[in-house]
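Text of work_6.txt (compact mmCIF, C-alpha atoms and all ligand atoms) as supplied:
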```txt
# COMPACT_ATOMS: atom_id res chain seq x y z
CA MET A 1 -11.99 43.09 17.47
CA LYS A 2 -11.74 39.99 15.23
CA VAL A 3 -14.18 37.27 16.22
CA GLY A 4 -13.70 33.64 15.25
CA PHE A 5 -17.00 31.84 14.65
CA ILE A 6 -17.06 28.05 14.21
CA GLY A 7 -20.29 26.20 13.39
CA LEU A 8 -22.66 27.89 10.96
CA GLY A 9 -25.71 25.65 11.15
CA ILE A 10 -29.27 26.77 11.88
CA MET A 11 -28.21 28.74 14.97
CA GLY A 12 -24.60 29.70 14.31
CA SER A 13 -25.29 31.18 10.87
CA ARG A 14 -27.90 33.54 12.32
CA MET A 15 -25.82 34.50 15.37
CA ALA A 16 -22.77 35.21 13.21
CA ALA A 17 -24.86 37.23 10.75
CA ASN A 18 -26.04 39.47 13.59
CA LEU A 19 -22.46 40.06 14.74
CA GLN A 20 -21.50 40.90 11.18
CA LYS A 21 -24.42 43.34 10.82
CA ALA A 22 -23.30 45.02 14.05
CA GLY A 23 -19.89 45.65 12.51
CA TYR A 24 -17.73 42.88 13.99
CA GLU A 25 -14.99 41.50 11.77
CA LEU A 26 -15.50 37.73 11.50
CA VAL A 27 -13.24 34.80 10.72
CA VAL A 28 -15.56 31.86 10.02
CA TYR A 29 -15.22 28.12 9.72
CA ASN A 30 -17.81 25.49 8.94
CA ARG A 31 -17.11 21.83 8.13
CA THR A 32 -19.41 22.10 5.10
CA GLN A 33 -17.75 25.13 3.59
CA SER A 34 -20.69 26.33 1.51
CA LYS A 35 -22.55 27.33 4.70
CA ALA A 36 -19.98 30.10 5.18
CA ASP A 37 -20.56 31.58 1.70
CA ALA A 38 -23.17 34.17 2.65
CA LEU A 39 -21.02 35.57 5.48
CA VAL A 40 -17.89 35.56 3.31
CA LYS A 41 -19.79 37.43 0.60
CA GLN A 42 -20.56 40.12 3.19
CA GLY A 43 -16.88 40.46 4.14
CA ALA A 44 -16.09 37.67 6.61
CA THR A 45 -12.74 35.86 6.23
CA ARG A 46 -13.04 32.15 5.42
CA ALA A 47 -10.81 29.85 7.49
CA ASN A 48 -9.99 26.43 6.06
CA THR A 49 -9.66 24.70 9.42
CA PRO A 50 -10.55 25.47 13.05
CA GLU A 51 -6.79 25.91 13.64
CA ASP A 52 -6.75 28.56 10.92
CA VAL A 53 -9.43 30.50 12.88
CA ALA A 54 -7.27 30.45 16.01
CA ARG A 55 -4.26 31.88 14.17
CA GLN A 56 -6.30 35.01 13.40
CA CYS A 57 -8.35 35.64 16.56
CA ARG A 58 -8.18 35.91 20.34
CA LEU A 59 -11.88 35.24 20.76
CA VAL A 60 -13.59 32.12 19.39
CA ILE A 61 -17.30 31.33 19.54
CA THR A 62 -18.41 27.75 18.81
CA MET A 63 -21.97 26.69 17.95
CA LEU A 64 -21.66 22.97 17.18
CA SER A 65 -24.08 20.08 17.40
CA THR A 66 -22.69 17.56 19.92
CA PRO A 67 -19.91 17.03 22.48
CA GLU A 68 -18.13 14.85 19.88
CA ALA A 69 -18.20 17.70 17.33
CA VAL A 70 -16.93 20.20 19.93
CA GLU A 71 -14.10 17.88 20.98
CA GLU A 72 -13.02 17.30 17.39
CA VAL A 73 -13.05 20.99 16.50
CA ALA A 74 -11.28 22.08 19.71
CA LEU A 75 -8.81 19.25 20.28
CA GLY A 76 -8.67 17.23 17.04
CA HIS A 77 -5.91 17.18 14.43
CA ASP A 78 -6.80 20.67 13.11
CA GLY A 79 -8.26 21.81 16.43
CA PHE A 80 -8.23 25.49 17.38
CA LEU A 81 -7.34 25.33 21.06
CA LYS A 82 -3.63 24.60 20.65
CA ALA A 83 -3.23 27.41 18.09
CA LEU A 84 -4.85 30.26 20.07
CA PRO A 85 -2.57 32.98 21.45
CA GLY A 86 -2.29 32.73 25.28
CA ASN A 87 -5.13 34.12 27.42
CA SER A 88 -7.64 34.02 24.55
CA LEU A 89 -11.33 33.39 25.28
CA TRP A 90 -13.43 30.48 23.98
CA VAL A 91 -17.19 30.96 24.28
CA ASN A 92 -18.89 27.62 23.71
CA CYS A 93 -22.57 28.13 22.83
CA SER A 94 -23.18 24.48 21.82
CA THR A 95 -25.60 22.49 23.98
CA VAL A 96 -23.38 19.93 25.72
CA ASN A 97 -23.49 18.20 29.10
CA PRO A 98 -22.01 19.79 32.24
CA SER A 99 -19.28 17.18 32.83
CA PHE A 100 -18.13 17.51 29.23
CA THR A 101 -18.09 21.30 29.38
CA ILE A 102 -16.07 21.18 32.63
CA LYS A 103 -13.60 18.89 30.84
CA MET A 104 -13.31 21.48 28.02
CA ALA A 105 -12.80 24.28 30.58
CA HIS A 106 -9.92 22.26 32.10
CA HIS A 107 -8.34 21.66 28.67
CA ALA A 108 -8.59 25.38 27.91
CA LYS A 109 -7.02 26.31 31.25
CA LYS A 110 -4.19 23.81 30.79
CA MET A 111 -3.43 25.46 27.45
CA GLY A 112 -3.45 28.95 28.96
CA GLN A 113 -6.89 29.94 27.62
CA ARG A 114 -10.14 31.11 29.23
CA TYR A 115 -13.50 29.37 28.68
CA LEU A 116 -17.21 30.12 29.11
CA ASP A 117 -20.05 27.64 28.68
CA ALA A 118 -22.73 29.80 27.09
CA PRO A 119 -25.56 27.68 25.66
CA VAL A 120 -28.62 29.53 24.45
CA SER A 121 -32.33 29.36 25.03
CA GLY A 122 -34.37 30.20 21.92
CA THR A 123 -34.57 28.69 18.49
CA ALA A 124 -34.05 29.84 14.86
CA GLY A 125 -36.46 32.83 15.09
CA PRO A 126 -34.91 34.36 18.23
CA ALA A 127 -31.42 33.62 16.84
CA GLU A 128 -32.30 35.61 13.74
CA LYS A 129 -33.81 38.51 15.69
CA GLY A 130 -30.98 38.65 18.26
CA ASP A 131 -33.41 37.56 20.98
CA LEU A 132 -31.53 34.59 22.46
CA ILE A 133 -31.04 34.07 26.18
CA PHE A 134 -27.48 33.09 27.15
CA LEU A 135 -27.11 30.74 30.12
CA ILE A 136 -23.53 31.10 31.26
CA GLY A 137 -21.10 29.25 33.49
CA GLY A 138 -17.72 30.83 34.14
CA GLU A 139 -15.99 33.98 35.37
CA ALA A 140 -17.85 37.32 35.51
CA ALA A 141 -14.81 39.14 34.09
CA ASP A 142 -14.85 36.89 31.01
CA ILE A 143 -18.56 37.54 30.49
CA ALA A 144 -17.92 41.27 30.78
CA GLN A 145 -15.37 41.01 27.95
CA VAL A 146 -18.00 39.65 25.55
CA GLN A 147 -21.14 41.30 26.95
CA GLU A 148 -21.50 43.64 23.95
CA LEU A 149 -21.40 40.69 21.55
CA LEU A 150 -23.89 38.75 23.66
CA ASP A 151 -26.18 41.79 23.58
CA VAL A 152 -26.05 41.73 19.78
CA MET A 153 -26.97 38.04 19.57
CA GLY A 154 -29.32 37.92 22.54
CA LYS A 155 -31.75 39.87 24.71
CA GLU A 156 -30.64 38.50 28.08
CA THR A 157 -27.53 37.07 29.73
CA VAL A 158 -27.98 34.89 32.80
CA HIS A 159 -24.77 34.26 34.73
CA VAL A 160 -25.84 30.97 36.29
CA GLY A 161 -22.61 30.36 38.19
CA ALA A 162 -19.44 28.29 38.02
CA PRO A 163 -18.17 26.51 34.87
CA GLY A 164 -20.64 23.80 33.89
CA GLN A 165 -23.66 25.50 35.44
CA GLY A 166 -24.66 27.24 32.21
CA ALA A 167 -24.73 23.80 30.57
CA GLY A 168 -26.61 22.45 33.61
CA MET A 169 -29.32 25.09 33.30
CA LYS A 170 -29.63 24.29 29.60
CA MET A 171 -30.10 20.56 30.36
CA ALA A 172 -32.87 21.43 32.85
CA ASN A 173 -34.53 23.76 30.35
CA ASN A 174 -34.52 21.29 27.47
CA MET A 175 -35.85 18.46 29.62
CA MET A 176 -38.88 20.64 30.39
CA LEU A 177 -39.21 21.65 26.74
CA ALA A 178 -39.20 18.03 25.55
CA HIS A 179 -41.58 16.85 28.28
CA ALA A 180 -44.05 19.65 27.56
CA MET A 181 -44.22 18.64 23.90
CA THR A 182 -44.90 14.96 24.54
CA ALA A 183 -47.42 15.82 27.28
CA PHE A 184 -49.22 18.02 24.73
CA ALA A 185 -49.02 15.34 22.03
CA GLU A 186 -50.56 12.78 24.40
CA ALA A 187 -53.31 15.20 25.44
CA LEU A 188 -54.12 15.78 21.75
CA ARG A 189 -54.12 12.05 21.04
CA LEU A 190 -56.47 11.30 23.93
CA GLY A 191 -58.79 14.14 22.96
CA THR A 192 -58.96 13.25 19.27
CA ALA A 193 -59.54 9.56 20.11
CA LEU A 194 -62.65 10.79 21.95
CA GLY A 195 -63.80 12.73 18.88
CA ILE A 196 -62.75 16.23 19.98
CA SER A 197 -61.17 18.21 17.13
CA GLU A 198 -57.50 19.20 17.21
CA GLU A 199 -58.57 22.84 16.76
CA MET A 200 -60.84 22.70 19.82
CA LEU A 201 -58.16 20.94 21.87
CA CYS A 202 -55.49 23.48 20.89
CA LYS A 203 -57.75 26.46 21.60
CA THR A 204 -58.78 25.16 25.00
CA LEU A 205 -55.57 23.57 26.24
CA LEU A 206 -53.19 26.23 24.99
CA ASN A 207 -55.19 29.03 26.59
CA GLY A 208 -55.37 27.22 29.91
CA PRO A 209 -52.89 27.26 32.80
CA ALA A 210 -51.41 23.81 32.16
CA ALA A 211 -49.72 24.57 28.84
CA ALA A 212 -46.08 25.61 28.46
CA PRO A 213 -46.15 29.11 26.88
CA TYR A 214 -43.96 28.10 23.90
CA LEU A 215 -46.52 25.52 22.74
CA LYS A 216 -48.75 28.26 21.32
CA LEU A 217 -45.97 29.14 18.87
CA LYS A 218 -45.82 25.51 17.79
CA GLN A 219 -49.59 25.17 17.22
CA PRO A 220 -49.42 25.86 13.43
CA LYS A 221 -46.78 23.15 13.00
CA ILE A 222 -49.06 20.63 14.68
CA LEU A 223 -52.29 21.62 12.94
CA GLU A 224 -50.74 21.97 9.47
CA ARG A 225 -48.36 18.98 9.87
CA GLU A 226 -45.57 21.34 8.79
CA PHE A 227 -42.47 20.06 10.55
CA SER A 228 -39.62 21.93 8.83
CA PRO A 229 -36.86 22.18 11.45
CA GLN A 230 -36.47 25.08 13.84
CA PHE A 231 -35.10 22.87 16.59
CA PRO A 232 -34.29 19.50 14.95
CA LEU A 233 -35.74 16.47 16.72
CA GLU A 234 -32.35 14.71 16.69
CA TRP A 235 -30.97 17.48 18.94
CA THR A 236 -33.88 17.12 21.37
CA HIS A 237 -33.03 13.42 21.61
CA LYS A 238 -29.33 14.31 22.03
CA ASP A 239 -30.15 16.74 24.86
CA LEU A 240 -32.28 14.14 26.67
CA HIS A 241 -29.43 11.65 26.27
CA LEU A 242 -27.01 14.19 27.75
CA ALA A 243 -29.44 14.96 30.60
CA SER A 244 -29.67 11.23 31.25
CA ILE A 245 -25.86 10.94 31.45
CA THR A 246 -25.89 13.88 33.84
CA ALA A 247 -28.54 12.25 36.07
CA TYR A 248 -26.40 9.07 36.15
CA GLU A 249 -23.31 11.07 37.08
CA GLN A 250 -25.25 12.82 39.87
CA ASN A 251 -26.71 9.51 41.08
CA ILE A 252 -30.30 10.75 40.80
CA ALA A 253 -33.36 9.04 39.33
CA LEU A 254 -35.37 10.93 36.68
CA PRO A 255 -37.81 8.29 35.44
CA SER A 256 -39.97 10.45 33.20
CA LEU A 257 -36.83 11.80 31.50
CA GLN A 258 -36.01 8.23 30.45
CA ALA A 259 -39.51 7.59 29.07
CA THR A 260 -39.51 10.91 27.20
CA LYS A 261 -36.06 10.22 25.75
CA GLU A 262 -37.31 6.92 24.33
CA LEU A 263 -40.27 8.66 22.65
CA TYR A 264 -37.86 10.90 20.76
CA ALA A 265 -35.69 7.84 19.98
CA GLN A 266 -38.77 6.17 18.50
CA ALA A 267 -39.46 9.28 16.38
CA LYS A 268 -35.84 9.30 15.17
CA GLN A 269 -36.10 5.60 14.32
CA GLN A 270 -39.15 6.47 12.20
CA GLY A 271 -37.02 8.87 10.13
CA LEU A 272 -38.09 12.11 11.85
CA GLY A 273 -34.66 13.15 13.20
CA GLU A 274 -34.17 16.08 10.85
CA GLU A 275 -37.69 17.42 11.27
CA ASP A 276 -38.69 19.89 13.99
CA PHE A 277 -38.97 18.24 17.42
CA THR A 278 -42.73 18.86 17.35
CA ALA A 279 -42.82 16.00 14.81
CA VAL A 280 -42.76 13.67 17.83
CA TYR A 281 -46.57 14.08 17.56
CA ARG A 282 -46.38 11.84 14.48
CA VAL A 283 -45.39 8.91 16.72
CA TYR A 284 -48.88 9.08 18.24
CA LEU A 285 -50.87 9.52 15.04
CA PRO A 286 -52.63 6.64 13.30
CA ASN A 287 -50.78 5.72 10.06
CA GLU A 288 -53.32 7.36 7.74
CA GLU A 289 -52.93 10.73 9.57
CA LYS A 290 -49.12 10.88 9.98
P1 LIG B 301 -27.14 22.34 13.00
O1 LIG B 301 -27.87 23.24 12.10
O2 LIG B 301 -27.21 20.88 12.77
O3 LIG B 301 -25.59 22.76 12.99
C1 LIG B 301 -24.62 21.97 13.62
C2 LIG B 301 -23.24 22.51 13.34
O4 LIG B 301 -22.25 21.61 13.88
C3 LIG B 301 -22.93 22.61 11.83
O5 LIG B 301 -22.11 23.74 11.64
C4 LIG B 301 -22.15 21.31 11.58
O6 LIG B 301 -21.32 21.36 10.45
C5 LIG B 301 -21.32 21.26 12.84
N1 LIG B 301 -20.74 19.94 13.08
C6 LIG B 301 -21.38 18.80 13.41
N2 LIG B 301 -20.50 17.79 13.56
C7 LIG B 301 -19.27 18.31 13.30
C8 LIG B 301 -17.96 17.78 13.30
N3 LIG B 301 -17.70 16.51 13.61
N4 LIG B 301 -16.93 18.62 12.97
C9 LIG B 301 -17.17 19.91 12.65
N5 LIG B 301 -18.38 20.47 12.66
C10 LIG B 301 -19.43 19.68 12.98
O7 LIG B 301 -27.53 22.56 14.52
P2 LIG B 301 -28.13 23.84 15.25
O8 LIG B 301 -29.61 23.72 15.29
O9 LIG B 301 -27.50 25.07 14.74
O10 LIG B 301 -27.62 23.56 16.74
C11 LIG B 301 -26.31 23.83 17.17
C12 LIG B 301 -26.25 23.62 18.69
O11 LIG B 301 -27.15 24.52 19.32
C13 LIG B 301 -26.68 22.21 19.14
O12 LIG B 301 -25.92 21.85 20.26
C14 LIG B 301 -28.14 22.40 19.51
O13 LIG B 301 -28.58 21.45 20.45
C15 LIG B 301 -28.10 23.80 20.08
N6 LIG B 301 -29.37 24.57 20.01
C16 LIG B 301 -30.16 24.51 18.89
C17 LIG B 301 -31.34 25.24 18.87
C18 LIG B 301 -32.26 25.21 17.68
O14 LIG B 301 -33.42 25.59 17.86
N7 LIG B 301 -31.85 24.79 16.50
C19 LIG B 301 -31.70 26.04 19.96
C20 LIG B 301 -30.85 26.11 21.05
C21 LIG B 301 -29.68 25.38 21.07
P3 LIG B 301 -21.92 20.90 9.01
O15 LIG B 301 -22.66 22.10 8.51
O16 LIG B 301 -20.73 20.55 8.22
O17 LIG B 301 -22.81 19.72 9.28
```

Mind converting the file's structure to structure tokens?
Amino acid sequence: MKVGFIGLGIMGSRMAANLQKAGYELVVYNRTQSKADALVKQGATRANTPEDVARQCRLVITMLSTPEAVEEVALGHDGFLKALPGNSLWVNCSTVNPSFTIKMAHHAKKMGQRYLDAPVSGTAGPAEKGDLIFLIGGEAADIAQVQELLDVMGKETVHVGAPGQGAGMKMANNMMLAHAMTAFAEALRLGTALGISEEMLCKTLLNGPAAAPYLKLKQPKILEREFSPQFPLEWTHKDLHLASITAYEQNIALPSLQATKELYAQAKQQGLGEEDFTAVYRVYLPNEEK
């Protein structure tokens, strides 16, 4: 089976590489073409546009940054959706908001195609190891069609429910992720202001019941001030923005989401957007320690 893969950034490049290693024939497209070179060298076919992908495949996976990027690649001038053969399947792994993903599902249906929202939990490391968790909204029969591919790229598939609910679960997950990081950063700042060392704070807090389990993995980044991106801070801010839109659409108040979103906005404003999201800690540090 030929698989079209669009979006070869931090996540997509690793997911596509795992499919390739498992023997799937890939047709790949990335806006910045050089990011496709490694896959092409290993035998993937390079497509010059998203439309060019659709002319060669009946299954397309997208792993793009934002709703705007997804819309452009799917429905823009060279978009792939109009060029797919009827009854093809689009698996959208990008993190986008539920109302947007439902809109994409409707566009796909109108054009005679099938659609799954399939965002992932897990960052660059799990993407590389094939340990992602897929959070899926859509039809069980469509998931069954791609289950073997999902098992190559991930260790678990959660069928959350109807279209949009995979994206909804991802919003909920990333809100917790972002909150946990700023809560930890504030705990560290309070502790160090009182003269307790960062090492002592990390050891005690991260082995206690209040810490989110993933924070232990992030400890070296904090202690060594090594913020090379695994999950770029600008995407954390984007996800909080999308969660905020979702809360507005649902007419619910999520006050601490708004405060947390502004902390990441502040970090972005300070030039930290392309660093790992743990770099939000820098917002709290005195200038001489940033
Ligand atoms: P990334 O490295 O920045 O890659 C983003 C991809 O989107 C690149 O292929 C980029 O192309 C493409 N893109 C952006 N705007 C575009 C446009 N207008 N037209 C065409 N292509 C466009 O991001 P990532 O970390 O892989 O994340 C991808 C998605 O997964 C995001 O929704 C993110 O929130 C989500 N996610 C990320 C992680 C993580 O830990 N990194 C974990 C879970 C989920 P260029 O190469 O040309 O810029």

Considering all atoms listed in the file, give me a table of residues in chain A that are at most 9 Å from ligand LIG 301 (chain B), with the closest atom pair and distance in Å for each, as a Markdown table.
```
| residue | atom | partner | partner_atom | distance |
| --- | --- | --- | --- | --- |
| A:Ile6 | CA | B:LIG301 | O5 | 7.1 |
| A:Gly7 | CA | B:LIG301 | O5 | 3.5 |
| A:Leu8 | CA | B:LIG301 | O5 | 4.2 |
| A:Gly9 | CA | B:LIG301 | O1 | 3.4 |
| A:Ile10 | CA | B:LIG301 | O9 | 3.8 |
| A:Met11 | CA | B:LIG301 | O9 | 3.7 |
| A:Gly12 | CA | B:LIG301 | O9 | 5.5 |
| A:Ser13 | CA | B:LIG301 | O9 | 7.6 |
| A:Arg14 | CA | B:LIG301 | O9 | 8.8 |
| A:Tyr29 | CA | B:LIG301 | O5 | 8.4 |
| A:Asn30 | CA | B:LIG301 | O5 | 5.4 |
| A:Arg31 | CA | B:LIG301 | O16 | 3.8 |
| A:Thr32 | CA | B:LIG301 | O16 | 3.7 |
| A:Gln33 | CA | B:LIG301 | O16 | 7.2 |
| A:Ser34 | CA | B:LIG301 | O15 | 8.4 |
| A:Lys35 | CA | B:LIG301 | O15 | 6.5 |
| A:Pro50 | CA | B:LIG301 | C9 | 8.7 |
| A:Thr62 | CA | B:LIG301 | O4 | 8.8 |
| A:Met63 | CA | B:LIG301 | C11 | 5.3 |
| A:Leu64 | CA | B:LIG301 | O4 | 3.6 |
| A:Ser65 | CA | B:LIG301 | C13 | 3.8 |
| A:Thr66 | CA | B:LIG301 | O12 | 5.4 |
| A:Pro67 | CA | B:LIG301 | O12 | 8.0 |
| A:Glu68 | CA | B:LIG301 | N3 | 6.5 |
| A:Ala69 | CA | B:LIG301 | N3 | 3.9 |
| A:Val70 | CA | B:LIG301 | C8 | 7.1 |
| A:Glu71 | CA | B:LIG301 | N3 | 8.3 |
| A:Glu72 | CA | B:LIG301 | N4 | 6.0 |
| A:Val73 | CA | B:LIG301 | C9 | 5.7 |
| A:Cys93 | CA | B:LIG301 | O11 | 6.8 |
| A:Ser94 | CA | B:LIG301 | O12 | 4.1 |
| A:Thr95 | CA | B:LIG301 | O12 | 3.8 |
| A:Val96 | CA | B:LIG301 | O12 | 6.3 |
| A:Pro119 | CA | B:LIG301 | C21 | 6.6 |
| A:Val120 | CA | B:LIG301 | C20 | 5.3 |
| A:Ser121 | CA | B:LIG301 | C20 | 5.3 |
| A:Gly122 | CA | B:LIG301 | C19 | 5.3 |
| A:Thr123 | CA | B:LIG301 | O14 | 3.4 |
| A:Ala124 | CA | B:LIG301 | O14 | 5.2 |
| A:Gly125 | CA | B:LIG301 | O14 | 8.3 |
| A:Pro126 | CA | B:LIG301 | O14 | 8.9 |
| A:Ala127 | CA | B:LIG301 | C19 | 8.2 |
| A:Leu132 | CA | B:LIG301 | C20 | 8.6 |
| A:Lys170 | CA | B:LIG301 | C21 | 8.6 |
| A:Asn174 | CA | B:LIG301 | C20 | 8.8 |
| A:Pro229 | CA | B:LIG301 | N7 | 7.6 |
| A:Gln230 | CA | B:LIG301 | O14 | 5.1 |
| A:Phe231 | CA | B:LIG301 | O14 | 3.4 |
| A:Pro232 | CA | B:LIG301 | N7 | 6.0 |
| A:Glu234 | CA | B:LIG301 | O13 | 8.6 |
| A:Trp235 | CA | B:LIG301 | O13 | 4.9 |
| A:Thr236 | CA | B:LIG301 | O13 | 6.9 |
| A:Lys238 | CA | B:LIG301 | O13 | 7.4 |
| A:Asp239 | CA | B:LIG301 | O13 | 6.6 |
| A:Glu274 | CA | B:LIG301 | O2 | 8.7 |
| A:Asp276 | CA | B:LIG301 | O14 | 8.7 |
```

Exercise for the section: Using all atoms listed in the file, determine which residues lie at most 7 Å from A:Gly161, disregarding the query and same-chain residues fewer than 4 positions distant; provide the list as a ChimeraX atom specification. Expected result: /A:137-138,165

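The closest residue to A:Pro163, picked from A:Leu215, A:Cys202, A:Met104, A:Ala44 and counting only C-alpha atoms, is A:Met104.
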
Handout entry: 12 Å contact set for A:Leu257, all atoms listed in the file, chain neighbours under 2 positions out, as an MDAnalysis selection string
Key = chainID A and resid 171:172 174:180 182 236:237 239:248 252:255 259:264

How would the residues just picked look written out with C-alpha atoms as a PDB file, in the coordinates of the input?
```pdb
ATOM      1  CA  MET A 171     -30.100  20.560  30.360  1.00  0.00           C
ATOM      2  CA  ALA A 172     -32.870  21.430  32.850  1.00  0.00           C
ATOM      3  CA  ASN A 174     -34.520  21.290  27.470  1.00  0.00           C
ATOM      4  CA  MET A 175     -35.850  18.460  29.620  1.00  0.00           C
ATOM      5  CA  MET A 176     -38.880  20.640  30.390  1.00  0.00           C
ATOM      6  CA  LEU A 177     -39.210  21.650  26.740  1.00  0.00           C
ATOM      7  CA  ALA A 178     -39.200  18.030  25.550  1.00  0.00           C
ATOM      8  CA  HIS A 179     -41.580  16.850  28.280  1.00  0.00           C
ATOM      9  CA  ALA A 180     -44.050  19.650  27.560  1.00  0.00           C
ATOM     10  CA  THR A 182     -44.900  14.960  24.540  1.00  0.00           C
ATOM     11  CA  THR A 236     -33.880  17.120  21.370  1.00  0.00           C
ATOM     12  CA  HIS A 237     -33.030  13.420  21.610  1.00  0.00           C
ATOM     13  CA  ASP A 239     -30.150  16.740  24.860  1.00  0.00           C
ATOM     14  CA  LEU A 240     -32.280  14.140  26.670  1.00  0.00           C
ATOM     15  CA  HIS A 241     -29.430  11.650  26.270  1.00  0.00           C
ATOM     16  CA  LEU A 242     -27.010  14.190  27.750  1.00  0.00           C
ATOM     17  CA  ALA A 243     -29.440  14.960  30.600  1.00  0.00           C
ATOM     18  CA  SER A 244     -29.670  11.230  31.250  1.00  0.00           C
ATOM     19  CA  ILE A 245     -25.860  10.940  31.450  1.00  0.00           C
ATOM     20  CA  THR A 246     -25.890  13.880  33.840  1.00  0.00           C
ATOM     21  CA  ALA A 247     -28.540  12.250  36.070  1.00  0.00           C
ATOM     22  CA  TYR A 248     -26.400   9.070  36.150  1.00  0.00           C
ATOM     23  CA  ILE A 252     -30.300  10.750  40.800  1.00  0.00           C
ATOM     24  CA  ALA A 253     -33.360   9.040  39.330  1.00  0.00           C
ATOM     25  CA  LEU A 254     -35.370  10.930  36.680  1.00  0.00           C
ATOM     26  CA  PRO A 255     -37.810   8.290  35.440  1.00  0.00           C
ATOM     27  CA  ALA A 259     -39.510   7.590  29.070  1.00  0.00           C
ATOM     28  CA  THR A 260     -39.510  10.910  27.200  1.00  0.00           C
ATOM     29  CA  LYS A 261     -36.060  10.220  25.750  1.00  0.00           C
ATOM     30  CA  GLU A 262     -37.310   6.920  24.330  1.00  0.00           C
ATOM     31  CA  LEU A 263     -40.270   8.660  22.650  1.00  0.00           C
ATOM     32  CA  TYR A 264     -37.860  10.900  20.760  1.00  0.00           C
TER      33      TYR A 264
END
```

Fill in the blank from the handout: Using only C-alpha atoms, the best pick from A:Thr49, A:Thr278, A:Gln250, A:Gln113 as closest to A:Ile222 would be A:Thr278

Problem - Between atom CA of A:Arg114 and atom CA of A:Ala141 - distance in Å to one decimal - result: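 Atom CA of A:Arg114 lies at a distance of 10.5 Å from atom CA of A:Ala141.
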
Practice task
Determine, counting all atoms listed in the file, which protein, DNA and RNA residues have an atom within 12 Å of an atom of A:Gly86; residues of the same chain fewer than 6 positions away are not included. Present the result as a VMD selection string.
Solution key: chain A and resid 54 to 55 57 to 59 108 to 114

Selection file, C-alpha atoms, as a PDB file, in the frame of the given file:
```pdb
ATOM      1  CA  ALA A  54      -7.270  30.450  16.010  1.00  0.00           C
ATOM      2  CA  ARG A  55      -4.260  31.880  14.170  1.00  0.00           C
ATOM      3  CA  CYS A  57      -8.350  35.640  16.560  1.00  0.00           C
ATOM      4  CA  ARG A  58      -8.180  35.910  20.340  1.00  0.00           C
ATOM      5  CA  LEU A  59     -11.880  35.240  20.760  1.00  0.00           C
ATOM      6  CA  ALA A 108      -8.590  25.380  27.910  1.00  0.00           C
ATOM      7  CA  LYS A 109      -7.020  26.310  31.250  1.00  0.00           C
ATOM      8  CA  LYS A 110      -4.190  23.810  30.790  1.00  0.00           C
ATOM      9  CA  MET A 111      -3.430  25.460  27.450  1.00  0.00           C
ATOM     10  CA  GLY A 112      -3.450  28.950  28.960  1.00  0.00           C
ATOM     11  CA  GLN A 113      -6.890  29.940  27.620  1.00  0.00           C
ATOM     12  CA  ARG A 114     -10.140  31.110  29.230  1.00  0.00           C
TER      13      ARG A 114
END
```

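Atom pair atom CA of A:Lys155 / atom CA of A:Gly168 has a distance of 20.2 Å (rounded to one decimal).
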
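Using all atoms listed in the file, the smallest distance between any of A:Lys129, A:Lys82, A:Glu199, A:Ala212 and A:Asn173 comes from A:Ala212.
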
Stretch 133-142 of chain A, all listed atoms, 4 Å padding on each side: what axis-aligned box centre and edge lengths in Å to one decimal come out, as JSON?
```
{"center_x": -22.9, "center_y": 34.2, "center_z": 30.8, "size_x": 24.2, "size_y": 17.9, "size_z": 17.3}
```

Exercise for the section: Measuring atom to atom with all atoms listed in the file, identify which of A:Gln266, A:Glu156, A:Ala167, A:Val27 is nearest to A:Ser99. Expected result: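 Under the stated criterion, the closest residue is A:Ala167.
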
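Proximity to A:Leu26 was assessed for A:Val3, A:Leu272, A:Val91, A:Val283 counting only C-alpha atoms; the smallest distance is recorded for A:Val3.
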
Practice task
Go ahead and compute the interatomic distance for atom CA of A:Lys218 and atom CA of A:Met181, in Å to one decimal.
Solution key: 9.3 Å

Exercise for the section: Write out as number ranges by chain each polymer residue whose atoms come within 9 Å of A:Ile102, counting all atoms listed in the file; drop sequence neighbours fewer than 5 positions from it. Expected result: A: 97, 107, 117, 163-164

Problem - Of the listed residues A:Ile196, A:Lys2, A:Leu89, A:Gly271, that which approaches A:Gln145 most closely, counting only C-alpha atoms - result: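 Of A:Ile196, A:Lys2, A:Leu89, A:Gly271, the one nearest A:Gln145, counting only C-alpha atoms, is A:Leu89.
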
Tell me which protein, DNA and RNA residues are within 10 Å of A:Arg189, counting only C-alpha atoms, leaving out same-chain ones fewer than 2 positions away, and put them as a PDB file with C-alpha atoms, in the frame of the given file.
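Dumped everything to part-v1.pdb:
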```pdb
ATOM      1  CA  ALA A 183     -47.420  15.820  27.280  1.00  0.00           C
ATOM      2  CA  PHE A 184     -49.220  18.020  24.730  1.00  0.00           C
ATOM      3  CA  ALA A 185     -49.020  15.340  22.030  1.00  0.00           C
ATOM      4  CA  GLU A 186     -50.560  12.780  24.400  1.00  0.00           C
ATOM      5  CA  ALA A 187     -53.310  15.200  25.440  1.00  0.00           C
ATOM      6  CA  GLY A 191     -58.790  14.140  22.960  1.00  0.00           C
ATOM      7  CA  THR A 192     -58.960  13.250  19.270  1.00  0.00           C
ATOM      8  CA  ALA A 193     -59.540   9.560  20.110  1.00  0.00           C
ATOM      9  CA  LEU A 194     -62.650  10.790  21.950  1.00  0.00           C
ATOM     10  CA  GLY A 195     -63.800  12.730  18.880  1.00  0.00           C
ATOM     11  CA  ILE A 196     -62.750  16.230  19.980  1.00  0.00           C
ATOM     12  CA  GLU A 198     -57.500  19.200  17.210  1.00  0.00           C
ATOM     13  CA  LEU A 201     -58.160  20.940  21.870  1.00  0.00           C
ATOM     14  CA  TYR A 281     -46.570  14.080  17.560  1.00  0.00           C
ATOM     15  CA  TYR A 284     -48.880   9.080  18.240  1.00  0.00           C
ATOM     16  CA  LEU A 285     -50.870   9.520  15.040  1.00  0.00           C
ATOM     17  CA  PRO A 286     -52.630   6.640  13.300  1.00  0.00           C
TER      18      PRO A 286
END
```
